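Report on the following structure.
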Amino acid sequence: MKLTKSQRTALHAKFGGKCAYCGCELLKVWHADHIEAVKREFEFVKKGGIHVSQCTGVIENPHLDNLENLNPTCPQCNLYKHSMPLESFRRELSKQVERARKSSKNFQFAEKYGQVIVSESPIVFYFERFING
Ligand SMILES: [Zn+2]
């Protein structure tokens with residue numbers, strides 16, 4: 001849905017100007033995330049001699065395209081969450097430490113030398129803390 005300026009202002013303020021998921025301060029560029037993803041219809045069109053995927057503008061579940069189903073997010077969280085339901089997003093986030101341990105020498109050395117201390121605490125989204133006080 002295309003938000004009006006006042007809807008966008010209200011959405012930005014929903015969690016005190018912070019990302020609903022990580023809680024960082026929203027900067028000039030921020031996204032409106034569909035909490036439960038809308039499914040957009042795509043089609044292939046020929047552009048510059050190649051076929052590219054393009055949104056037709058049709059939403060398959062239009063009942064989810066409303067203000068109550070939107071959260072203000074930083075671009076990083078919104079792009080990573082993509083169309084995942086919240087619990088899938090939470091599960092993906094909880095795998096980050098193990099992935100970094102396996103694949104990042106920087107992380108391995110940072111942990112080895114005490115620069116990173118891993119927490120075993122569960123992933124709690126900012127909006128969950130915001131709502132619960
Ligand atoms: Zn975020």
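As shown in the structure tokens, the chain order sets the letters A, B, ...; within each chain, residues go from 1, and ligands are also counted from 1 in the order they appear.
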
(request) Using only C-alpha atoms and all ligand atoms, determine which residues fall within 8 Å of ligand 1, then list them as a list in words. (result) Lys18, Cys19, Ala20, Tyr21, Cys22, Gly23, Cys24, Thr73, Cys74, Pro75, Gln76, Cys77 and Asn78 of chain A

Please, could you write that set of residues out with C-alpha atoms as a tab-separated table (two decimals), in the first residue's frame?
chain	number	residue	atom	x	y	z
A	18	LYS	CA	13.16	2.73	16.33
A	19	CYS	CA	13.32	-0.43	14.23
A	20	ALA	CA	10.61	-2.86	15.35
A	21	TYR	CA	13.07	-5.76	15.21
A	22	CYS	CA	16.58	-4.69	16.26
A	23	GLY	CA	15.65	-1.45	18.02
A	24	CYS	CA	18.18	0.76	16.26
A	73	THR	CA	12.23	-1.23	10.26
A	74	CYS	CA	15.78	-0.40	9.37
A	75	PRO	CA	16.61	-1.48	5.79
A	76	GLN	CA	19.02	-4.17	7.06
A	77	CYS	CA	16.34	-6.00	9.10
A	78	ASN	CA	13.66	-5.62	6.44

(message) List the spatial neighbours of Met84 in chain A as a ChimeraX atom specification - criterion: any atom at most 12 Å away, only C-alpha atoms, same-chain residues fewer than 5 positions off excluded.
(response) /A:33-39,77-79,89-93

Output the selection as a short mmCIF file (atom, residue, chain, number, x, y, z; two decimals), in the first residue's frame - C-alpha atoms for each residue.
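What ended up in result.cif:
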data_model
loop_
_atom_site.label_atom_id
_atom_site.label_comp_id
_atom_site.auth_asym_id
_atom_site.auth_seq_id
_atom_site.Cartn_x
_atom_site.Cartn_y
_atom_site.Cartn_z
CA ASP A 33 7.76 -4.11 6.63
CA HIS A 34 4.71 -6.27 6.14
CA ILE A 35 4.77 -8.35 9.35
CA GLU A 36 2.94 -11.11 7.55
CA ALA A 37 4.24 -10.94 4.00
CA VAL A 38 2.11 -9.92 1.09
CA LYS A 39 2.59 -12.11 -1.94
CA CYS A 77 16.34 -6.00 9.10
CA ASN A 78 13.66 -5.62 6.44
CA LEU A 79 15.85 -6.92 3.64
CA PHE A 89 13.06 -14.67 11.09
CA ARG A 90 13.80 -15.32 14.77
CA ARG A 91 15.15 -18.82 13.97
CA GLU A 92 17.36 -17.42 11.20
CA LEU A 93 18.75 -14.76 13.53
#

(request) Enumerate the residues of chain A with a DSSP assignment of strand (DSSP E), computed from the backbone, and present them as a PyMOL selection string. (result) chain A and resi 31-34+40-47+50-59+70-73

Serialized selection, C-alpha atoms, as a tab-separated table (two decimals), in the first residue's frame:
chain	number	residue	atom	x	y	z
A	31	HIS	CA	11.32	0.61	5.47
A	32	ALA	CA	7.71	-0.33	6.16
A	33	ASP	CA	7.76	-4.11	6.63
A	34	HIS	CA	4.71	-6.27	6.14
A	40	ARG	CA	3.17	-10.06	-5.04
A	41	GLU	CA	2.56	-11.42	-8.50
A	42	PHE	CA	5.56	-11.28	-10.82
A	43	GLU	CA	5.94	-11.74	-14.53
A	44	PHE	CA	8.88	-11.92	-16.89
A	45	VAL	CA	9.22	-8.99	-19.26
A	46	LYS	CA	11.83	-8.38	-21.92
A	47	LYS	CA	14.06	-5.40	-21.16
A	50	ILE	CA	16.87	-10.01	-21.64
A	51	HIS	CA	13.94	-11.29	-19.62
A	52	VAL	CA	13.66	-9.83	-16.13
A	53	SER	CA	11.20	-10.46	-13.32
A	54	GLN	CA	8.87	-7.54	-12.66
A	55	CYS	CA	6.03	-7.02	-10.19
A	56	THR	CA	2.66	-6.76	-11.92
A	57	GLY	CA	1.19	-4.66	-9.10
A	58	VAL	CA	-1.19	-7.49	-8.19
A	59	ILE	CA	-1.12	-8.68	-4.58
A	70	LEU	CA	3.17	-2.88	8.97
A	71	ASN	CA	6.19	-2.38	11.18
A	72	PRO	CA	8.82	0.36	10.82
A	73	THR	CA	12.23	-1.23	10.26

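The interatomic distance for the pair CA of Val97 in chain A and CA of Val118 in chain A works out to 7.6 Å.
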
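Between CA of Phe15 in chain A and CA of Ser94 in chain A lies a distance of 22.7 Å.
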
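Minimum distance to Tyr80 in chain A across A:Glu111, A:Leu3, A:Gln96, A:Gly49 (counting only C-alpha atoms) occurs at A:Gln96.
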
(request) Would you kindly return, as a VMD selection string, each protein, DNA or RNA residue with an atom no farther than 12 Å from any atom of Val116 in chain A, considering only C-alpha atoms and excluding same-chain residues fewer than 3 positions away? (result) chain A and resid 97 100 to 101 106 to 113 119

(message) According to DSSP computed on the backbone, where in chain A is there alpha helix (DSSP H)? Give the residues as a PyMOL selection string.
(response) chain A and resi 5-12+75-81+86-94+96-103+105-112+126-131

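Coordinates place CA of Glu98 in chain A at a distance of 28.4 Å from CA of Trp30 in chain A.
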